[in-house]
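Engineer: Following this line is query_29.pdb, made up of PDB, C-alpha atoms:
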```
MODEL        1
ATOM      1  CA  MET N   1     114.097 100.657 160.930  1.00  0.00           C
ATOM      2  CA  PRO N   2     116.649  97.802 160.834  1.00  0.00           C
ATOM      3  CA  ALA N   3     120.128  98.577 159.566  1.00  0.00           C
ATOM      4  CA  ILE N   4     120.997  97.370 156.110  1.00  0.00           C
ATOM      5  CA  GLY N   5     124.029  95.136 156.190  1.00  0.00           C
ATOM      6  CA  LEU N   6     126.909  95.185 153.738  1.00  0.00           C
ATOM      7  CA  SER N   7     125.940  91.775 152.398  1.00  0.00           C
ATOM      8  CA  GLN N   8     122.428  93.016 151.590  1.00  0.00           C
ATOM      9  CA  ILE N   9     123.821  96.025 149.764  1.00  0.00           C
ATOM     10  CA  MET N  10     126.111  93.781 147.745  1.00  0.00           C
ATOM     11  CA  ARG N  11     123.250  91.440 146.816  1.00  0.00           C
ATOM     12  CA  VAL N  12     121.084  94.373 145.666  1.00  0.00           C
ATOM     13  CA  THR N  13     124.000  95.824 143.688  1.00  0.00           C
ATOM     14  CA  ILE N  14     124.709  92.511 141.972  1.00  0.00           C
ATOM     15  CA  ALA N  15     121.022  91.981 141.163  1.00  0.00           C
ATOM     16  CA  LEU N  16     120.778  95.482 139.698  1.00  0.00           C
ATOM     17  CA  ALA N  17     123.898  94.970 137.606  1.00  0.00           C
ATOM     18  CA  MET N  18     122.532  91.680 136.269  1.00  0.00           C
ATOM     19  CA  THR N  19     119.206  93.330 135.350  1.00  0.00           C
ATOM     20  CA  ILE N  20     120.984  96.127 133.473  1.00  0.00           C
ATOM     21  CA  SER N  21     123.195  93.582 131.689  1.00  0.00           C
ATOM     22  CA  VAL N  22     120.230  91.461 130.572  1.00  0.00           C
ATOM     23  CA  THR N  23     118.289  94.533 129.418  1.00  0.00           C
ATOM     24  CA  THR N  24     121.260  95.868 127.460  1.00  0.00           C
ATOM     25  CA  ALA N  25     121.857  92.473 125.843  1.00  0.00           C
ATOM     26  CA  SER N  26     118.168  92.220 124.922  1.00  0.00           C
ATOM     27  CA  LEU N  27     118.172  95.660 123.316  1.00  0.00           C
ATOM     28  CA  ALA N  28     121.350  94.846 121.397  1.00  0.00           C
ATOM     29  CA  ALA N  29     119.855  91.569 120.189  1.00  0.00           C
ATOM     30  CA  ASN N  30     116.686  93.284 118.994  1.00  0.00           C
ATOM     31  CA  SER N  31     118.744  95.928 117.193  1.00  0.00           C
ATOM     32  CA  ALA N  32     120.879  93.263 115.544  1.00  0.00           C
ATOM     33  CA  THR N  33     117.889  91.302 114.258  1.00  0.00           C
ATOM     34  CA  SER N  34     116.189  94.147 112.415  1.00  0.00           C
ATOM     35  CA  GLY N  35     117.255  96.793 109.952  1.00  0.00           C
ATOM     36  CA  VAL N  36     115.701  99.873 108.381  1.00  0.00           C
ATOM     37  CA  ALA N  37     115.629 100.897 104.725  1.00  0.00           C
ATOM     38  CA  THR N  38     113.992 104.043 103.346  1.00  0.00           C
ATOM     39  CA  PHE N  39     112.997 104.420  99.692  1.00  0.00           C
ATOM     40  CA  ALA N  40     111.129 107.079  97.730  1.00  0.00           C
ATOM     41  CA  GLY N  41     109.546 105.531  94.664  1.00  0.00           C
ATOM     42  CA  GLY N  42     106.692 107.778  93.647  1.00  0.00           C
ATOM     43  CA  CYS N  43     103.310 107.014  95.201  1.00  0.00           C
ATOM     44  CA  PHE N  44     103.958 105.532  98.633  1.00  0.00           C
ATOM     45  CA  TRP N  45     100.840 103.356  98.395  1.00  0.00           C
ATOM     46  CA  CYS N  46     102.542 101.465  95.582  1.00  0.00           C
ATOM     47  CA  VAL N  47     105.917 101.182  97.299  1.00  0.00           C
ATOM     48  CA  GLU N  48     104.212  99.632 100.338  1.00  0.00           C
ATOM     49  CA  ALA N  49     102.408  97.150  98.101  1.00  0.00           C
ATOM     50  CA  ASP N  50     105.639  96.263  96.309  1.00  0.00           C
ATOM     51  CA  PHE N  51     107.596  95.514  99.476  1.00  0.00           C
ATOM     52  CA  ASP N  52     105.030  94.124 101.900  1.00  0.00           C
ATOM     53  CA  HIS N  53     105.178  90.627 100.425  1.00  0.00           C
ATOM     54  CA  VAL N  54     108.981  90.380 100.249  1.00  0.00           C
ATOM     55  CA  PRO N  55     110.213  87.596 102.574  1.00  0.00           C
ATOM     56  CA  GLY N  56     112.088  89.212 105.441  1.00  0.00           C
ATOM     57  CA  VAL N  57     110.183  92.495 105.366  1.00  0.00           C
ATOM     58  CA  LEU N  58     108.598  92.949 108.774  1.00  0.00           C
ATOM     59  CA  GLU N  59     106.790  96.261 108.416  1.00  0.00           C
ATOM     60  CA  THR N  60     106.322  99.164 105.999  1.00  0.00           C
ATOM     61  CA  THR N  61     105.316 102.723 106.842  1.00  0.00           C
ATOM     62  CA  SER N  62     104.372 105.448 104.373  1.00  0.00           C
ATOM     63  CA  GLY N  63     105.634 108.913 105.170  1.00  0.00           C
ATOM     64  CA  TYR N  64     107.590 112.003 104.229  1.00  0.00           C
ATOM     65  CA  THR N  65     111.320 112.694 104.404  1.00  0.00           C
ATOM     66  CA  GLY N  66     114.182 114.672 102.921  1.00  0.00           C
ATOM     67  CA  GLY N  67     112.599 118.113 103.255  1.00  0.00           C
ATOM     68  CA  ARG N  68     112.556 121.202 105.457  1.00  0.00           C
ATOM     69  CA  THR N  69     109.022 121.388 106.829  1.00  0.00           C
ATOM     70  CA  LYS N  70     108.453 119.937 110.286  1.00  0.00           C
ATOM     71  CA  ASN N  71     105.465 117.649 110.784  1.00  0.00           C
ATOM     72  CA  PRO N  72     104.301 117.921 107.159  1.00  0.00           C
ATOM     73  CA  THR N  73     100.862 116.845 106.027  1.00  0.00           C
ATOM     74  CA  TYR N  74      99.948 115.169 102.750  1.00  0.00           C
ATOM     75  CA  ARG N  75      98.600 118.483 101.502  1.00  0.00           C
ATOM     76  CA  ASP N  76     101.812 120.271 102.482  1.00  0.00           C
ATOM     77  CA  VAL N  77     103.979 117.800 100.606  1.00  0.00           C
ATOM     78  CA  SER N  78     101.716 117.620  97.570  1.00  0.00           C
ATOM     79  CA  TYR N  79     101.030 121.316  97.091  1.00  0.00           C
ATOM     80  CA  SER N  80     103.765 123.270  98.905  1.00  0.00           C
ATOM     81  CA  ASN N  81     107.511 123.561  98.480  1.00  0.00           C
ATOM     82  CA  THR N  82     108.453 121.430 101.498  1.00  0.00           C
ATOM     83  CA  GLY N  83     111.349 119.577  99.856  1.00  0.00           C
ATOM     84  CA  HIS N  84     109.944 116.297 101.159  1.00  0.00           C
ATOM     85  CA  TYR N  85     109.558 113.102  99.178  1.00  0.00           C
ATOM     86  CA  GLU N  86     106.765 110.586  99.549  1.00  0.00           C
ATOM     87  CA  ALA N  87     108.703 107.658 100.956  1.00  0.00           C
ATOM     88  CA  VAL N  88     108.344 104.312 102.666  1.00  0.00           C
ATOM     89  CA  GLN N  89     110.377 103.182 105.647  1.00  0.00           C
ATOM     90  CA  ILE N  90     110.910  99.444 105.692  1.00  0.00           C
ATOM     91  CA  LYS N  91     111.754  97.375 108.751  1.00  0.00           C
ATOM     92  CA  PHE N  92     113.392  94.097 107.740  1.00  0.00           C
ATOM     93  CA  ASP N  93     115.120  91.031 109.126  1.00  0.00           C
ATOM     94  CA  PRO N  94     118.696  90.904 107.767  1.00  0.00           C
ATOM     95  CA  LYS N  95     118.775  87.154 108.381  1.00  0.00           C
ATOM     96  CA  LEU N  96     116.063  86.708 105.771  1.00  0.00           C
ATOM     97  CA  VAL N  97     116.745  89.514 103.300  1.00  0.00           C
ATOM     98  CA  SER N  98     119.809  91.687 102.826  1.00  0.00           C
ATOM     99  CA  TYR N  99     119.779  95.438 102.374  1.00  0.00           C
ATOM    100  CA  ALA N 100     121.465  94.949  98.985  1.00  0.00           C
ATOM    101  CA  LYS N 101     118.569  92.701  97.910  1.00  0.00           C
ATOM    102  CA  LEU N 102     116.028  95.332  98.962  1.00  0.00           C
ATOM    103  CA  VAL N 103     117.848  97.941  96.883  1.00  0.00           C
ATOM    104  CA  GLU N 104     117.859  95.561  93.912  1.00  0.00           C
ATOM    105  CA  ILE N 105     114.089  95.126  94.292  1.00  0.00           C
ATOM    106  CA  PHE N 106     113.641  98.881  94.618  1.00  0.00           C
ATOM    107  CA  TRP N 107     115.317  99.602  91.273  1.00  0.00           C
ATOM    108  CA  ARG N 108     113.103  97.055  89.556  1.00  0.00           C
ATOM    109  CA  SER N 109     109.898  98.476  91.015  1.00  0.00           C
ATOM    110  CA  VAL N 110     110.424 102.055  89.762  1.00  0.00           C
ATOM    111  CA  ASP N 111     111.627 104.004  86.746  1.00  0.00           C
ATOM    112  CA  PRO N 112     114.990 105.288  88.061  1.00  0.00           C
ATOM    113  CA  THR N 113     115.687 107.120  84.793  1.00  0.00           C
ATOM    114  CA  ASP N 114     112.800 109.572  85.307  1.00  0.00           C
ATOM    115  CA  ARG N 115     113.978 112.936  86.686  1.00  0.00           C
ATOM    116  CA  GLY N 116     110.554 114.549  87.016  1.00  0.00           C
ATOM    117  CA  GLY N 117     108.524 112.138  89.124  1.00  0.00           C
ATOM    118  CA  GLN N 118     107.104 108.667  88.614  1.00  0.00           C
ATOM    119  CA  PHE N 119     104.642 107.605  85.954  1.00  0.00           C
ATOM    120  CA  CYS N 120     101.536 109.870  86.034  1.00  0.00           C
ATOM    121  CA  ASP N 121     102.663 111.573  89.257  1.00  0.00           C
ATOM    122  CA  ARG N 122     104.886 114.559  88.558  1.00  0.00           C
ATOM    123  CA  GLY N 123     106.825 116.902  90.792  1.00  0.00           C
ATOM    124  CA  HIS N 124     109.517 116.733  93.458  1.00  0.00           C
ATOM    125  CA  SER N 125     107.544 114.771  96.047  1.00  0.00           C
ATOM    126  CA  TYR N 126     107.128 111.896  93.565  1.00  0.00           C
ATOM    127  CA  LYS N 127     110.774 111.626  92.539  1.00  0.00           C
ATOM    128  CA  THR N 128     112.797 108.558  93.435  1.00  0.00           C
ATOM    129  CA  ALA N 129     115.522 108.541  96.094  1.00  0.00           C
ATOM    130  CA  ILE N 130     117.335 106.134  98.373  1.00  0.00           C
ATOM    131  CA  PHE N 131     117.881 107.362 101.931  1.00  0.00           C
ATOM    132  CA  THR N 132     120.716 105.491 103.628  1.00  0.00           C
ATOM    133  CA  HIS N 133     121.028 104.906 107.376  1.00  0.00           C
ATOM    134  CA  SER N 134     124.727 103.978 107.498  1.00  0.00           C
ATOM    135  CA  GLU N 135     127.935 104.103 105.518  1.00  0.00           C
ATOM    136  CA  ALA N 136     127.501 100.415 104.684  1.00  0.00           C
ATOM    137  CA  GLN N 137     124.058 101.120 103.213  1.00  0.00           C
ATOM    138  CA  ALA N 138     125.444 104.055 101.224  1.00  0.00           C
ATOM    139  CA  GLN N 139     128.188 101.890  99.729  1.00  0.00           C
ATOM    140  CA  ALA N 140     125.753  99.099  98.876  1.00  0.00           C
ATOM    141  CA  ALA N 141     123.333 101.540  97.264  1.00  0.00           C
ATOM    142  CA  GLU N 142     126.057 103.227  95.203  1.00  0.00           C
ATOM    143  CA  ALA N 143     127.350  99.874  93.941  1.00  0.00           C
ATOM    144  CA  SER N 144     123.830  98.788  93.078  1.00  0.00           C
ATOM    145  CA  LYS N 145     123.188 102.054  91.248  1.00  0.00           C
ATOM    146  CA  ILE N 146     126.178 101.409  88.991  1.00  0.00           C
ATOM    147  CA  THR N 147     124.858  97.926  88.243  1.00  0.00           C
ATOM    148  CA  ALA N 148     121.363  99.276  87.491  1.00  0.00           C
ATOM    149  CA  ALA N 149     122.769 101.843  85.057  1.00  0.00           C
ATOM    150  CA  SER N 150     124.780  99.128  83.328  1.00  0.00           C
ATOM    151  CA  THR N 151     121.728  96.854  83.081  1.00  0.00           C
ATOM    152  CA  LEU N 152     119.482  99.576  81.660  1.00  0.00           C
ATOM    153  CA  LYS N 153     122.273 101.208  79.643  1.00  0.00           C
ATOM    154  CA  LYS N 154     120.841 104.550  80.757  1.00  0.00           C
ATOM    155  CA  PRO N 155     121.839 107.128  83.383  1.00  0.00           C
ATOM    156  CA  ILE N 156     120.131 106.749  86.750  1.00  0.00           C
ATOM    157  CA  ALA N 157     118.400 109.875  88.048  1.00  0.00           C
ATOM    158  CA  THR N 158     117.799 108.538  91.561  1.00  0.00           C
ATOM    159  CA  PRO N 159     119.953 110.283  94.200  1.00  0.00           C
ATOM    160  CA  ILE N 160     121.406 108.438  97.176  1.00  0.00           C
ATOM    161  CA  LEU N 161     120.997 110.646 100.250  1.00  0.00           C
ATOM    162  CA  ALA N 162     121.741 110.383 103.953  1.00  0.00           C
ATOM    163  CA  ALA N 163     118.560 109.585 105.852  1.00  0.00           C
ATOM    164  CA  SER N 164     116.982 112.454 107.740  1.00  0.00           C
ATOM    165  CA  ARG N 165     113.924 112.606 109.965  1.00  0.00           C
ATOM    166  CA  PHE N 166     111.065 110.476 108.696  1.00  0.00           C
ATOM    167  CA  TYR N 167     107.502 111.645 109.350  1.00  0.00           C
ATOM    168  CA  PRO N 168     104.823 108.916 109.152  1.00  0.00           C
ATOM    169  CA  ALA N 169     101.943 109.871 106.866  1.00  0.00           C
ATOM    170  CA  GLU N 170      98.332 110.165 107.991  1.00  0.00           C
ATOM    171  CA  ASP N 171      96.497 106.961 108.939  1.00  0.00           C
ATOM    172  CA  GLU N 172      94.451 106.905 105.736  1.00  0.00           C
ATOM    173  CA  HIS N 173      97.645 106.439 103.704  1.00  0.00           C
ATOM    174  CA  GLN N 174      98.930 103.452 105.672  1.00  0.00           C
ATOM    175  CA  ASP N 175      98.258 100.052 104.080  1.00  0.00           C
ATOM    176  CA  TYR N 176      96.081 101.822 101.521  1.00  0.00           C
ATOM    177  CA  TYR N 177      96.254  99.043  98.934  1.00  0.00           C
ATOM    178  CA  ASN N 178      94.784  96.564 101.423  1.00  0.00           C
ATOM    179  CA  ARG N 179      92.070  98.820 102.807  1.00  0.00           C
ATOM    180  CA  ASN N 180      90.975 100.252  99.442  1.00  0.00           C
ATOM    181  CA  PRO N 181      91.769  97.508  96.911  1.00  0.00           C
ATOM    182  CA  VAL N 182      89.418  98.665  94.143  1.00  0.00           C
ATOM    183  CA  ARG N 183      90.509 102.303  94.256  1.00  0.00           C
ATOM    184  CA  TYR N 184      94.136 101.287  94.541  1.00  0.00           C
ATOM    185  CA  SER N 185      93.986  98.909  91.571  1.00  0.00           C
ATOM    186  CA  PHE N 186      92.229 101.543  89.457  1.00  0.00           C
ATOM    187  CA  TYR N 187      94.845 104.153  90.374  1.00  0.00           C
ATOM    188  CA  ARG N 188      97.841 101.890  89.766  1.00  0.00           C
ATOM    189  CA  ALA N 189      96.603 100.681  86.400  1.00  0.00           C
ATOM    190  CA  GLY N 190      95.515 104.164  85.307  1.00  0.00           C
ATOM    191  CA  CYS N 191      98.864 105.653  86.269  1.00  0.00           C
ATOM    192  CA  GLY N 192     100.687 103.186  84.020  1.00  0.00           C
ATOM    193  CA  ARG N 193     103.117 102.088  86.708  1.00  0.00           C
ATOM    194  CA  ASP N 194     103.344  98.387  85.910  1.00  0.00           C
ATOM    195  CA  LYS N 195     103.295  98.927  82.162  1.00  0.00           C
ATOM    196  CA  ARG N 196     106.263 101.288  82.318  1.00  0.00           C
ATOM    197  CA  ILE N 197     108.239  99.092  84.722  1.00  0.00           C
ATOM    198  CA  LYS N 198     107.664  96.082  82.467  1.00  0.00           C
ATOM    199  CA  SER N 199     108.788  97.992  79.375  1.00  0.00           C
ATOM    200  CA  LEU N 200     111.914  99.219  81.184  1.00  0.00           C
ATOM    201  CA  TRP N 201     113.007  96.104  83.081  1.00  0.00           C
ATOM    202  CA  GLY N 202     111.393  93.314  81.056  1.00  0.00           C
ATOM    203  CA  SER N 203     111.537  89.951  82.819  1.00  0.00           C
ATOM    204  CA  GLU N 204     113.467  91.531  85.716  1.00  0.00           C
ATOM    205  CA  ALA N 205     110.557  93.800  86.644  1.00  0.00           C
ATOM    206  CA  HIS N 206     109.498  93.350  90.249  1.00  0.00           C
ATOM    207  CA  LYS N 207     105.950  92.134  90.753  1.00  0.00           C
ATOM    208  CA  GLY N 208     104.247  93.702  93.755  1.00  0.00           C
ATOM    209  CA  ILE N 209     102.281  90.670  94.882  1.00  0.00           C
ATOM    210  CA  LYS N 210     100.545  90.882  98.225  1.00  0.00           C
ATOM    211  CA  LYS N 211     102.012  88.455 100.770  1.00  0.00           C
ATOM    212  CA  ASP N 212      99.805  85.703 102.255  1.00  0.00           C
TER     213      ASP N 212
ENDMDL
END
```
Do you think you could lay out the structure here as structure tokens?
Structural biologist:
Amino acid sequence: MPAIGLSQIMRVTIALAMTISVTTASLAANSATSGVATFAGGCFWCVEADFDHVPGVLETTSGYTGGRTKNPTYRDVSYSNTGHYEAVQIKFDPKLVSYAKLVEIFWRSVDPTDRGGQFCDRGHSYKTAIFTHSEAQAQAAEASKITAASTLKKPIATPILAASRFYPAEDEHQDYYNRNPVRYSFYRAGCGRDKRIKSLWGSEAHKGIKKD
């Protein structure tokens, strides 16, 4: 086996260092171009539908967070004392939409004055909450909460909590409004979601229109 010269070792070392540098820069760039927001707003089918069309939103995932039970199921969260909320985790492009704007949309797509759930869905898992992923998000959410209370002239029941582990919901709950449009429309109308949001927020109410 031929001996490896010092120059060869140096070339390999430099090439390896350059590869690591490029990979690190690529990962940093990807991290910088996307953000994560997590909101609990009652039925996660509806929260997905409300945010999917927002310019700058890249992806939404329904799931469970904020509780004690590991790997919870829909049945666990709905019928057991898991402490989890139905929530949606939103991946977004901060160049196209700010976190503060997403929070503003969130307030106007729920009834943040309701302490017992949302619309026809009652109980802890259907309560509203904002789960923040950084101190900057926490500050933005708190400031927005003050503005929402001033706009509505009512106390806001929605807590602002540090994000904890998020468990994606079962496949049948992902993108439900698209895959089951008739059932979804019947549920949303029957639950009185849009009617209540309109009565609370008036012309500021967010309209959950499906994106093209």
Engineer: How many Å lie between atom CA of N:Ser144 and atom CA of N:Thr82, rounded to one decimal?
Structural biologist: 28.6 Å
Engineer: Within 12 Å of N:Tyr184, counting all atoms listed in the file, which residues qualify if same-chain residues fewer than 4 places away don't, as a compact mmCIF listing (two decimals) with C-alpha atoms, in the frame of the given file?
Structural biologist:
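File result-v8.txt, as written:
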```txt
# COMPACT_ATOMS: atom_id res chain seq x y z
CA CYS N 43 103.31 107.01 95.20
CA PHE N 44 103.96 105.53 98.63
CA TRP N 45 100.84 103.36 98.40
CA CYS N 46 102.54 101.46 95.58
CA GLU N 48 104.21 99.63 100.34
CA ALA N 49 102.41 97.15 98.10
CA HIS N 173 97.64 106.44 103.70
CA ASP N 175 98.26 100.05 104.08
CA TYR N 176 96.08 101.82 101.52
CA TYR N 177 96.25 99.04 98.93
CA ASN N 178 94.78 96.56 101.42
CA ARG N 179 92.07 98.82 102.81
CA ASN N 180 90.98 100.25 99.44
CA ARG N 188 97.84 101.89 89.77
CA ALA N 189 96.60 100.68 86.40
CA GLY N 190 95.52 104.16 85.31
CA CYS N 191 98.86 105.65 86.27
CA ARG N 193 103.12 102.09 86.71
```
Engineer: Which is closest to N:His124 among N:Pro155, N:Arg165, N:Asp52, N:Gly42, if we use all atoms listed in the file?
Structural biologist: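 Closest residue, counting all atoms listed in the file: N:Gly42.
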Engineer: Carefully work through the PyMOL selection byres ((chain N and resi 170) around 10) for this structure and note down the residues it includes, as a list in words.
Structural biologist: Ser62, Gly63, Pro72, Thr73, Tyr74, Tyr167, Pro168, Ala169, Asp171, Glu172, His173 and Gln174 of chain N
Engineer: Since I can't run it myself right now, could you work out what the PyMOL selection byres ((chain N and resi 93) around 12) selects here and report it as number ranges by chain?
Structural biologist: N: 30-37, 54-59, 90-92, 94-99, 101-102
Engineer: Please write the residues picked by the PyMOL selection byres ((chain N and resi 83) around 8) on this file as a list in words.
Structural biologist: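 With the shown file as input, the PyMOL selection byres ((chain N and resi 83) around 8) matches Gly66, Gly67, Arg68, Thr69, Val77, Asn81, Thr82, His84, Tyr85, His124 and Ser125 of chain N.
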Engineer: Which of these, N:Val47, N:Val182, N:Val110, N:Leu161, has the shortest distance to N:Glu204 once you count all atoms listed in the file?
Structural biologist: N:Val110
Engineer: Could you work out how far atom CA of N:Lys127 lies from atom CA of N:Ala205, giving the answer in Å with one decimal?
Structural biologist: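 Between atom CA of N:Ala205 and atom CA of N:Lys127 the gap works out to 18.8 Å.
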Engineer: Taking (107.9, 108.4, 89.8) in the file's own coordinates, collect the residues within 6 Å, counting all atoms listed in the file, and hand them back as a ChimeraX atom specification.
Structural biologist: /N:41-42,117-119,126-127
Engineer: Just write the chosen residues, C-alpha atoms, as a CSV table (one decimal), in the coordinates of the input.
Structural biologist:
```
chain,number,residue,atom,x,y,z
N,41,GLY,CA,109.5,105.5,94.7
N,42,GLY,CA,106.7,107.8,93.6
N,117,GLY,CA,108.5,112.1,89.1
N,118,GLN,CA,107.1,108.7,88.6
N,119,PHE,CA,104.6,107.6,86.0
N,126,TYR,CA,107.1,111.9,93.6
N,127,LYS,CA,110.8,111.6,92.5
```
Engineer: Work out how far apart atom CA of N:Pro112 and atom CA of N:Ser78 are and give it in Å to one decimal.
Structural biologist: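 Going from atom CA of N:Pro112 over to atom CA of N:Ser78 covers 20.5 Å.
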Engineer: Give me the residues within 8 Å of stretch 131-139 of chain N as a PyMOL selection string, counting only C-alpha atoms and dropping any in the same chain fewer than 3 places off.
Structural biologist: chain N and resi 36-40+99-100+142-143+160-164
